[in-house]
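For reference, input_9.txt is printed below; it contains compact mmCIF, C-alpha atoms and all ligand atoms.
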# COMPACT_ATOMS: atom_id res chain seq x y z
CA MET A 17 77.44 -40.27 69.02
CA GLY A 18 74.97 -41.03 66.28
CA LEU A 19 71.48 -40.68 64.88
CA VAL A 20 69.16 -43.56 63.99
CA ILE A 21 66.27 -43.36 61.52
CA LEU A 22 63.33 -45.53 62.49
CA ARG A 23 60.69 -45.86 59.81
CA ASN A 24 59.31 -49.05 58.44
CA ASP A 25 59.08 -48.23 54.75
CA ASP A 26 61.23 -48.01 51.65
CA LEU A 27 61.99 -44.31 52.23
CA VAL A 28 64.33 -45.11 55.11
CA ASN A 29 67.40 -45.32 52.86
CA ARG A 30 66.56 -42.09 51.06
CA TRP A 31 66.40 -40.30 54.44
CA LYS A 32 69.72 -41.84 55.43
CA LYS A 33 71.41 -40.64 52.24
CA VAL A 34 70.05 -37.09 52.57
CA LEU A 35 70.90 -36.81 56.29
CA GLN A 36 74.42 -38.15 55.67
CA HIS A 37 74.89 -35.60 52.92
CA ALA A 38 73.72 -32.81 55.27
CA ALA A 39 76.09 -33.93 58.06
CA PRO A 40 79.01 -36.09 56.92
CA ASP A 41 80.52 -35.88 60.45
CA ILE A 42 77.54 -37.54 62.19
CA PRO A 43 77.19 -41.35 62.05
CA ILE A 44 73.68 -42.05 60.68
CA TYR A 45 72.06 -45.48 60.88
CA ALA A 46 68.87 -46.78 59.31
CA MET A 47 66.37 -49.17 60.82
CA GLY A 48 67.15 -52.71 59.71
CA GLU A 49 70.95 -52.36 59.71
CA GLU A 50 73.35 -53.09 62.54
CA VAL A 51 73.16 -50.15 64.96
CA PRO A 52 75.50 -49.48 67.94
CA HIS A 53 72.62 -48.88 70.36
CA GLU A 54 74.68 -47.15 73.13
CA ALA A 55 75.98 -44.54 70.65
CA ILE A 56 72.58 -43.27 69.52
CA LEU A 57 71.74 -39.80 70.85
CA MET A 58 68.79 -38.94 68.61
CA ALA A 59 66.14 -41.00 66.83
CA ALA A 60 64.41 -39.58 63.75
CA VAL A 61 61.13 -41.46 63.50
CA TRP A 62 58.01 -41.96 61.41
CA LYS A 63 55.55 -44.57 62.68
CA HIS A 64 58.32 -46.51 64.40
CA PRO A 65 57.38 -49.88 65.95
CA PRO A 66 56.00 -48.95 69.43
CA GLY A 67 58.50 -49.80 72.16
CA SER A 68 61.47 -49.83 69.75
CA LEU A 69 62.98 -46.62 71.20
CA SER A 70 63.73 -48.31 74.50
CA ALA A 71 66.62 -50.14 72.75
CA PHE A 72 68.69 -46.89 72.88
CA PRO A 73 69.85 -46.32 76.48
CA ASN A 74 71.59 -42.96 75.80
CA LEU A 75 68.86 -41.36 73.71
CA LYS A 76 68.61 -37.59 74.35
CA GLY A 77 65.79 -36.64 71.97
CA ILE A 78 63.30 -37.83 69.38
CA HIS A 79 62.72 -35.99 66.11
CA CYS A 80 59.52 -36.70 64.23
CA LEU A 81 60.00 -36.90 60.45
CA GLY A 82 56.61 -35.24 59.98
CA ALA A 83 54.49 -32.56 61.61
CA GLY A 84 52.13 -34.71 63.68
CA VAL A 85 53.67 -36.36 66.75
CA ASP A 86 50.63 -38.30 68.03
CA PHE A 87 52.24 -41.69 67.27
CA ILE A 88 55.29 -40.74 69.36
CA LEU A 89 53.34 -39.45 72.36
CA GLU A 90 51.16 -42.58 72.26
CA ASP A 91 54.26 -44.79 72.67
CA LYS A 92 54.13 -45.18 76.44
CA GLY A 93 57.63 -46.70 76.58
CA ILE A 94 59.25 -43.28 75.97
CA PRO A 95 60.61 -41.52 79.09
CA GLU A 96 58.69 -38.31 79.92
CA GLU A 97 61.79 -36.15 80.03
CA LEU A 98 62.94 -36.86 76.46
CA PRO A 99 62.25 -33.85 74.23
CA VAL A 100 60.18 -34.46 71.11
CA MET A 101 60.68 -32.24 68.06
CA ARG A 102 58.59 -32.02 64.90
CA VAL A 103 58.93 -30.80 61.33
CA VAL A 104 57.97 -27.24 60.40
CA ASP A 105 58.77 -26.79 56.74
CA PRO A 106 57.68 -24.40 53.99
CA PHE A 107 57.00 -27.17 51.45
CA LEU A 108 54.96 -29.16 53.98
CA ALA A 109 52.84 -26.04 54.46
CA SER A 110 52.52 -25.02 50.80
CA ASP A 111 51.86 -28.59 49.60
CA MET A 112 49.03 -28.85 52.13
CA ALA A 113 47.57 -25.56 50.95
CA GLU A 114 47.68 -26.68 47.30
CA TYR A 115 46.00 -29.99 48.19
CA VAL A 116 43.16 -28.30 50.09
CA LEU A 117 42.63 -25.70 47.35
CA SER A 118 42.37 -28.55 44.80
CA GLN A 119 39.71 -30.31 46.86
CA VAL A 120 37.77 -27.09 47.40
CA MET A 121 37.75 -26.39 43.66
CA ALA A 122 36.85 -30.00 42.78
CA PHE A 123 33.87 -29.71 45.14
CA LEU A 124 32.74 -26.35 43.77
CA LYS A 125 32.88 -27.61 40.21
CA ASP A 126 31.49 -31.10 41.07
CA LEU A 127 34.51 -32.79 39.49
CA HIS A 128 34.29 -35.93 41.65
CA ARG A 129 30.64 -36.43 40.68
CA TYR A 130 31.24 -35.82 36.99
CA LYS A 131 33.96 -38.48 37.09
CA GLN A 132 31.45 -40.91 38.60
CA ASP A 133 28.90 -39.92 35.92
CA GLN A 134 31.48 -40.59 33.23
CA VAL A 135 32.22 -44.05 34.65
CA SER A 136 28.50 -44.88 34.58
CA GLY A 137 27.94 -43.26 31.13
CA ARG A 138 25.62 -40.56 32.49
CA TRP A 139 25.18 -37.03 31.01
CA HIS A 140 23.94 -34.95 33.94
CA PRO A 141 24.71 -31.19 34.15
CA ARG A 142 24.52 -29.80 37.70
CA PRO A 143 23.93 -26.24 39.00
CA TYR A 144 27.07 -24.11 38.79
CA ARG A 145 28.84 -23.01 42.01
CA ARG A 146 31.33 -20.17 42.29
CA ILE A 147 34.07 -19.25 44.74
CA GLY A 148 31.85 -16.47 46.09
CA ASP A 149 29.15 -18.99 47.06
CA VAL A 150 31.07 -20.66 49.90
CA THR A 151 33.01 -20.04 53.10
CA VAL A 152 35.75 -22.44 54.15
CA GLY A 153 36.21 -23.08 57.87
CA ILE A 154 39.61 -24.27 59.03
CA MET A 155 39.89 -26.14 62.32
CA GLY A 156 43.41 -25.45 63.58
CA LEU A 157 45.34 -22.35 62.56
CA GLY A 158 48.82 -23.70 63.17
CA THR A 159 51.59 -23.84 60.60
CA LEU A 160 49.47 -25.76 58.10
CA GLY A 161 46.07 -24.19 58.79
CA ARG A 162 47.49 -20.71 58.29
CA SER A 163 49.19 -21.70 55.06
CA VAL A 164 45.89 -23.12 53.76
CA ALA A 165 44.05 -19.95 54.80
CA GLU A 166 46.61 -17.77 53.05
CA LEU A 167 46.22 -19.58 49.71
CA LEU A 168 42.41 -19.72 49.94
CA LEU A 169 42.23 -16.00 50.68
CA LYS A 170 44.62 -15.25 47.82
CA SER A 171 42.27 -17.23 45.59
CA GLY A 172 39.34 -15.07 46.69
CA ILE A 173 37.74 -17.70 48.93
CA SER A 174 36.12 -16.48 52.12
CA THR A 175 37.80 -18.18 55.09
CA VAL A 176 37.19 -18.49 58.84
CA GLY A 177 39.29 -20.27 61.45
CA TRP A 178 39.05 -21.98 64.83
CA THR A 179 41.81 -22.44 67.41
CA ARG A 180 42.07 -23.70 70.96
CA ASP A 181 43.22 -20.67 72.90
CA SER A 182 45.75 -18.72 70.89
CA ASP A 183 44.95 -15.43 69.22
CA PRO A 184 46.46 -16.22 65.82
CA ASP A 185 46.51 -12.54 64.85
CA VAL A 186 45.15 -13.18 61.36
CA ASP A 187 43.16 -10.81 59.20
CA PHE A 188 40.14 -13.08 58.73
CA PRO A 189 37.45 -14.12 61.23
CA ASN A 190 38.77 -16.45 63.89
CA PHE A 191 36.88 -18.26 66.65
CA ARG A 192 38.44 -19.60 69.82
CA GLY A 193 37.60 -22.49 72.11
CA ASP A 194 34.60 -24.75 72.61
CA ALA A 195 32.30 -21.84 73.47
CA HIS A 196 32.60 -20.45 69.93
CA ARG A 197 32.78 -23.71 68.04
CA ASN A 198 29.19 -23.76 66.84
CA ALA A 199 29.34 -20.18 65.58
CA PHE A 200 32.38 -21.22 63.55
CA LEU A 201 30.77 -24.40 62.22
CA GLU A 202 27.58 -22.64 61.16
CA GLN A 203 29.59 -20.56 58.69
CA SER A 204 31.66 -23.43 57.27
CA ASP A 205 30.23 -24.69 53.95
CA ILE A 206 33.50 -26.54 53.60
CA LEU A 207 35.16 -27.75 56.80
CA VAL A 208 38.89 -28.42 56.69
CA CYS A 209 40.32 -30.29 59.67
CA LEU A 210 43.95 -29.48 60.49
CA LEU A 211 43.95 -30.21 64.20
CA PRO A 212 46.62 -32.35 65.83
CA LEU A 213 45.43 -35.68 67.26
CA THR A 214 45.35 -35.26 71.06
CA PRO A 215 43.14 -36.61 73.86
CA ASP A 216 40.98 -33.47 73.40
CA THR A 217 40.54 -33.80 69.64
CA ARG A 218 40.16 -37.58 69.21
CA GLY A 219 36.67 -38.21 67.80
CA ILE A 220 35.90 -34.49 67.53
CA LEU A 221 34.45 -34.93 64.01
CA ASP A 222 31.32 -36.72 65.22
CA TYR A 223 27.65 -36.60 64.22
CA ASN A 224 26.93 -33.76 66.64
CA LEU A 225 29.65 -31.58 65.13
CA LEU A 226 28.85 -32.51 61.52
CA SER A 227 25.18 -31.70 62.03
CA ARG A 228 26.13 -28.11 62.95
CA LEU A 229 27.47 -27.47 59.44
CA PRO A 230 25.28 -25.80 56.81
CA GLY A 231 23.22 -28.35 54.79
CA GLY A 232 25.18 -30.02 51.99
CA ALA A 233 28.57 -29.14 53.45
CA LEU A 234 31.85 -30.82 52.49
CA LEU A 235 34.32 -32.25 55.02
CA ILE A 236 38.03 -32.31 54.20
CA ASN A 237 40.01 -34.28 56.79
CA VAL A 238 43.73 -33.96 56.21
CA ALA A 239 44.81 -34.16 59.84
CA ARG A 240 44.54 -37.65 61.38
CA GLY A 241 42.02 -40.48 60.94
CA PRO A 242 41.04 -40.88 64.62
CA LEU A 243 39.73 -37.29 64.73
CA LEU A 244 36.77 -38.63 62.75
CA VAL A 245 34.04 -41.01 63.93
CA ASP A 246 33.72 -43.00 60.70
CA GLU A 247 30.18 -44.31 61.33
CA ASP A 248 28.99 -40.78 62.12
CA LEU A 249 30.34 -39.50 58.81
CA ILE A 250 28.58 -42.26 56.89
CA ARG A 251 25.34 -41.48 58.72
CA ALA A 252 25.67 -37.73 57.98
CA LEU A 253 26.34 -38.48 54.29
CA ASP A 254 23.52 -40.99 53.99
CA GLU A 255 21.07 -38.60 55.64
CA GLY A 256 22.13 -35.85 53.22
CA LEU A 257 23.47 -33.54 55.95
CA LEU A 258 26.78 -33.50 54.13
CA SER A 259 27.23 -33.77 50.40
CA GLY A 260 30.72 -35.22 50.47
CA ALA A 261 33.93 -35.94 52.32
CA CYS A 262 37.52 -35.82 51.10
CA LEU A 263 39.66 -37.98 53.36
CA ASP A 264 43.43 -38.26 53.25
CA VAL A 265 43.93 -39.91 56.65
CA PHE A 266 42.34 -42.93 58.32
CA HIS A 267 42.16 -44.81 61.61
CA LYS A 268 44.14 -47.63 60.04
CA GLU A 269 46.48 -47.00 57.12
CA PRO A 270 46.37 -48.53 54.56
CA LEU A 271 42.58 -48.48 54.90
CA PRO A 272 41.36 -52.11 55.18
CA ALA A 273 39.70 -53.43 51.99
CA SER A 274 36.46 -54.12 53.88
CA HIS A 275 36.00 -50.51 55.05
CA PRO A 276 32.73 -48.95 53.81
CA PHE A 277 34.55 -45.74 52.72
CA TRP A 278 35.99 -47.59 49.70
CA ASN A 279 32.61 -47.92 48.03
CA HIS A 280 30.76 -44.90 49.37
CA PRO A 281 29.75 -42.67 46.44
CA HIS A 282 30.34 -39.45 48.39
CA VAL A 283 33.68 -40.31 50.00
CA HIS A 284 36.74 -39.26 48.02
CA MET A 285 40.02 -40.66 49.27
CA THR A 286 43.74 -40.18 48.88
CA PRO A 287 46.37 -42.37 50.65
CA HIS A 288 47.88 -39.91 53.21
CA VAL A 289 49.61 -37.82 50.59
CA ALA A 290 48.12 -34.36 51.17
CA SER A 291 51.56 -33.18 52.21
CA VAL A 292 54.64 -35.31 52.74
CA SER A 293 57.97 -34.28 54.31
CA ASP A 294 60.55 -33.65 51.60
CA PRO A 295 63.88 -35.10 52.87
CA ASP A 296 66.02 -32.52 51.04
CA SER A 297 64.11 -29.64 52.56
CA VAL A 298 63.72 -31.13 56.05
CA ALA A 299 67.14 -32.75 56.68
CA PRO A 300 68.92 -29.49 57.69
CA GLN A 301 66.49 -28.82 60.55
CA ILE A 302 66.93 -32.35 61.90
CA ILE A 303 70.70 -31.98 61.83
CA ASP A 304 70.42 -28.53 63.40
CA ASN A 305 68.37 -29.98 66.26
CA TYR A 306 70.83 -32.87 66.65
CA ARG A 307 73.65 -30.36 67.12
CA ARG A 308 71.56 -28.23 69.49
CA LEU A 309 70.73 -31.33 71.54
CA THR A 310 74.33 -32.48 71.81
CA GLU A 311 75.61 -28.96 72.56
CA GLY A 312 72.89 -28.21 75.13
CA ARG A 313 71.41 -25.32 73.12
CA PRO A 314 67.64 -24.59 72.94
CA LEU A 315 65.80 -26.89 70.51
CA LYS A 316 63.62 -25.78 67.64
CA ASN A 317 60.02 -26.95 67.10
CA GLU A 318 59.85 -28.88 70.35
CA VAL A 319 56.30 -30.03 71.12
CA SER A 320 54.56 -29.68 74.44
CA ARG A 321 53.91 -33.09 75.95
CA GLU A 322 51.21 -31.54 78.09
CA ARG A 323 49.23 -30.08 75.17
CA GLY A 324 50.02 -33.06 72.92
CA TYR A 325 51.20 -30.93 69.98
P1 LIG A 401 50.25 -26.92 64.74
O1 LIG A 401 50.65 -27.55 66.01
O2 LIG A 401 51.12 -25.87 64.14
O3 LIG A 401 48.78 -26.28 64.89
C1 LIG A 401 47.76 -26.92 65.58
C2 LIG A 401 46.54 -26.00 65.62
O4 LIG A 401 45.44 -26.76 66.16
C3 LIG A 401 46.71 -24.77 66.51
O5 LIG A 401 46.09 -23.66 65.92
C4 LIG A 401 45.96 -25.16 67.78
O6 LIG A 401 45.36 -24.09 68.50
C5 LIG A 401 44.84 -26.01 67.21
N1 LIG A 401 44.29 -26.92 68.23
C6 LIG A 401 44.93 -27.89 68.92
N2 LIG A 401 44.10 -28.48 69.79
C7 LIG A 401 42.91 -27.85 69.66
C8 LIG A 401 41.65 -27.98 70.30
N3 LIG A 401 41.44 -28.91 71.27
N4 LIG A 401 40.65 -27.15 69.93
C9 LIG A 401 40.84 -26.21 68.97
N5 LIG A 401 42.01 -26.02 68.32
C10 LIG A 401 43.03 -26.84 68.67
O7 LIG A 401 50.03 -28.13 63.69
P2 LIG A 401 50.29 -28.13 62.11
O8 LIG A 401 49.48 -27.05 61.50
O9 LIG A 401 51.74 -28.15 61.81
O10 LIG A 401 49.72 -29.59 61.72
C11 LIG A 401 48.41 -29.98 62.02
C12 LIG A 401 48.25 -31.49 61.81
O11 LIG A 401 48.22 -31.81 60.41
C13 LIG A 401 49.40 -32.35 62.33
O12 LIG A 401 49.28 -32.55 63.72
C14 LIG A 401 49.23 -33.64 61.54
O13 LIG A 401 48.43 -34.54 62.25
C15 LIG A 401 48.50 -33.21 60.27
N6 LIG A 401 49.30 -33.40 59.05
C16 LIG A 401 48.79 -34.14 58.02
C17 LIG A 401 49.48 -34.32 56.84
C18 LIG A 401 48.91 -35.07 55.71
O14 LIG A 401 49.60 -35.33 54.72
N7 LIG A 401 47.65 -35.47 55.73
C19 LIG A 401 50.81 -33.70 56.66
C20 LIG A 401 51.26 -32.94 57.79
C21 LIG A 401 50.52 -32.80 58.94
P3 LIG A 401 46.27 -23.03 69.33
O15 LIG A 401 46.87 -22.17 68.24
O16 LIG A 401 45.27 -22.30 70.15
O17 LIG A 401 47.28 -23.81 70.08
C1 LIG A 402 52.79 -35.36 59.03
C2 LIG A 402 52.12 -36.23 58.08
O1 LIG A 402 52.35 -35.32 60.17
O2 LIG A 402 52.69 -36.51 57.01
O3 LIG A 402 53.78 -34.73 58.66
O4 LIG A 402 50.98 -36.65 58.29
As a first step, turn the structure in this file into structure tokens.
Ligand code: NDP
Ligand code: OXD
Amino acid sequence: MGLVILRNDDLVNRWKKVLQHAAPDIPIYAMGEEVPHEAILMAAVWKHPPGSLSAFPNLKGIHCLGAGVDFILEDKGIPEELPVMRVVDPFLASDMAEYVLSQVMAFLKDLHRYKQDQVSGRWHPRPYRRIGDVTVGIMGLGTLGRSVAELLLKSGISTVGWTRDSDPDVDFPNFRGDAHRNAFLEQSDILVCLLPLTPDTRGILDYNLLSRLPGGALLINVARGPLLVDEDLIRALDEGLLSGACLDVFHKEPLPASHPFWNHPHVHMTPHVASVSDPDSVAPQIIDNYRRLTEGRPLKNEVSRERGY
């Protein structure tokens, strides 16, 4: 028996240490070290090299080290019957909410633009905007979307949501499905995307969708880069349909140096840090699922392969 951590960055050893501490009885191996492949029952992965999971013939399950599992489901080498689990964690949810609230407030108070003015030595007061002047629309009311909504509402910010087919039973306006998408967009002065990346959502943030937003809207994409059609965003910004975009996620990460987002005056970027799994907080649920898997008990936070999230 054993668990292998597959992630190609310098956090791999930190995860190993924390998982070992949480379960001293389970042999834990990190990518890059010598691993007894036949003994591995679970892989805990974050952007693993595609195809690398086929090296473990007795694998019984795959645990994502984050919330979004798109990179696992896109790895066609993984047998259909293997369960895939994801992270659901209170810090992941509250960190995301704090990030989105910060971007909403920076937009309302024009902080990004004042920073640019400062860099170019320009004194240029702009009209004042208040919390009561805007409505935030959240695409996706899952674990993270709901957490964002809760903090925005607590801060007095009017919020609406959009889901696929579930009735999220929330006490703010919620729209469901493609038929009600435009009604949702028309109210969203600030659009926050927290959808999973699936075949249905890839490219959903295109020119057609962006042009449904109220004039001068802000886009905040904290979900996945391929949800956005990059050229369509640049067109919408250049035509003045949108006044800005805060992007945390990109088609290719790190974003290539030649990408036009780097120098666009109305694109504000962060390097996929809106919310990051905290090993200390998350390790117990991975160990719990490892034990459930090996004891044949029901798993927690298993994703639906059919829905893609
Ligand atoms: P959940 O699976 O809990 O929620 C997904 C939500 O999206 C649900 O409300 C679902 O609707 C909705 N949805 C899915 N497909 C569609 C569709 N086709 N049309 C309309 N609504 C749809 O996900 P989380 O909230 O946990 O996470 C969301 C995403 O955030 C992750 O997949 C990940 O990509 C990203 N993320 C980004 C981070 C960052 O640092 N930038 C950190 C963590 C996550 P329904 O309820 O009807 O099923
Ligand atoms: C996640 C992420 O999906 O960090 O957890 O993007």
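Closest approach to Val103 of chain A among A:Val152, A:Leu225, A:Ala252, A:Ile302: A:Ile302, based on only C-alpha atoms.
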Let me have all residues with an atom within 6 Å of ligand LIG 401 (chain A), counting all atoms listed in the file, laid out as a PyMOL selection string.
chain A and resi 83-84+156-161+179-182+193+210-213+216-217+238-240+264-265+288-292+325
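Between atom CA of Leu258 of chain A and atom CA of Ser204 of chain A lies a distance of 11.6 Å.
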Kindly provide, as lines of an AutoDock Vina configuration file, the centre and edge lengths (Å, one decimal) of an axis-aligned box around all atoms of ligand LIG 402 (chain A) given in the file, with 8 Å on each side.
center_x = 52.4
center_y = -35.7
center_z = 58.6
size_x = 18.8
size_y = 17.9
size_z = 19.2
Minimum-distance residue to ligand LIG 402 (chain A), chosen among A:Leu207, A:Ala199, A:Ala233, A:Val85 (using all atoms listed in the file):
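The shortest atom-to-atom distance to ligand LIG 402 (chain A) comes from A:Val85.
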Could you tell me which of A:Pro189, A:Ala122, A:Pro215, A:Gln301 comes closest to Leu89 of chain A if we count all atoms listed in the file?
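The answer is A:Pro215, which sits nearest to Leu89 of chain A.
With all atoms listed in the file as the basis for measurement, A:Glu269 is the residue among A:Glu269, A:Glu311, A:Asp222, A:Asp133 that approaches ligand LIG 402 (chain A) most closely.
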Expressed in Å to a single decimal, how great is the separation between atom CA of Thr214 of chain A and atom CA of Asp91 of chain A?
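If I compute the distance from atom CA of Thr214 of chain A to atom CA of Asp91 of chain A, I get 13.1 Å.
Restricting the calculation to all atoms listed in the file, the smallest distance between Asp205 of chain A and any of A:Ala59, A:Leu253, A:Leu124, A:Leu167 is found for A:Leu124.
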Have a look at A:Val298, A:Val176, A:Ile21, A:Val116 and name the one nearest to ligand LIG 402 (chain A); count all atoms listed in the file.
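Result for the nearest residue to ligand LIG 402 (chain A): A:Val298.
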I'd like the neighbourhood of segment 249-251 of chain A as a PyMOL selection string, where a residue qualifies if any of its atoms comes within 9 Å (using all atoms listed in the file), though same-chain residues fewer than 5 positions away should be ignored.
chain A and resi 221-223+226+244+256-258+261+276-277+280+283
Long-range neighbours of Leu229 of chain A as a PyMOL selection string, 6 Å cut-off, only C-alpha atoms, 2 positions minimum in chain:
chain A and resi 201-202+226-227
Those residues you just picked out, can you put them in a file as an mmCIF file, in the frame of the given file with C-alpha atoms?
data_model
loop_
_atom_site.group_PDB
_atom_site.id
_atom_site.type_symbol
_atom_site.label_atom_id
_atom_site.label_comp_id
_atom_site.auth_asym_id
_atom_site.auth_seq_id
_atom_site.Cartn_x
_atom_site.Cartn_y
_atom_site.Cartn_z
ATOM 1 C CA LEU A 201 30.770 -24.400 62.220
ATOM 2 C CA GLU A 202 27.580 -22.640 61.160
ATOM 3 C CA LEU A 226 28.850 -32.510 61.520
ATOM 4 C CA SER A 227 25.180 -31.700 62.030
#
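Picture a line from atom CA of Lys131 of chain A to atom CA of Pro230 of chain A; it runs 25.0 Å.
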Spatial neighbours of Pro66 of chain A, 10 Å, all atoms listed in the file, chain gap at least 4 places, as a compact mmCIF listing (two decimals) with C-alpha atoms, in the coordinates of the input:
# COMPACT_ATOMS: atom_id res chain seq x y z
CA SER A 70 63.73 -48.31 74.50
CA PHE A 87 52.24 -41.69 67.27
CA ILE A 88 55.29 -40.74 69.36
CA GLU A 90 51.16 -42.58 72.26
CA ASP A 91 54.26 -44.79 72.67
CA LYS A 92 54.13 -45.18 76.44
CA GLY A 93 57.63 -46.70 76.58
CA ILE A 94 59.25 -43.28 75.97
Write out as a VMD selection string the residues lying within 8 Å of Ile303 of chain A, counting all atoms listed in the file and excluding same-chain residues fewer than 3 positions away.
chain A and resid 35 38 to 39 299 to 300 306 to 307
Taking C-alpha atoms for each residue, export the selection above as an mmCIF file, keeping the file's coordinate frame.
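Output file part_13.cif follows:
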data_model
loop_
_atom_site.group_PDB
_atom_site.id
_atom_site.type_symbol
_atom_site.label_atom_id
_atom_site.label_comp_id
_atom_site.auth_asym_id
_atom_site.auth_seq_id
_atom_site.Cartn_x
_atom_site.Cartn_y
_atom_site.Cartn_z
ATOM 1 C CA LEU A 35 70.900 -36.810 56.290
ATOM 2 C CA ALA A 38 73.720 -32.810 55.270
ATOM 3 C CA ALA A 39 76.090 -33.930 58.060
ATOM 4 C CA ALA A 299 67.140 -32.750 56.680
ATOM 5 C CA PRO A 300 68.920 -29.490 57.690
ATOM 6 C CA TYR A 306 70.830 -32.870 66.650
ATOM 7 C CA ARG A 307 73.650 -30.360 67.120
#
From (76.8, -38.1, 63.3), in the file's coordinates, out to 10 Å: which residues are reached, counting all atoms listed in the file? Answer as a list in words.
Met17, Gly18, Leu19, Val20, Leu35, Gln36, Ala39, Pro40, Asp41, Ile42, Pro43, Ile44, Tyr45, Ala55, Ile56, Leu57, Met58, Ile303, Tyr306 and Arg307 of chain A
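For Ala46 of chain A, the list of residues within 10 Å, based on all atoms listed in the file and with local chain neighbours fewer than 5 positions off taken out, reads Leu19, Val20, Ile21, Leu22, Arg23, Asn24, Val28, Asn29, Arg30, Trp31, Lys32, Lys33, Val51, Ala59 and Ala60 of chain A.
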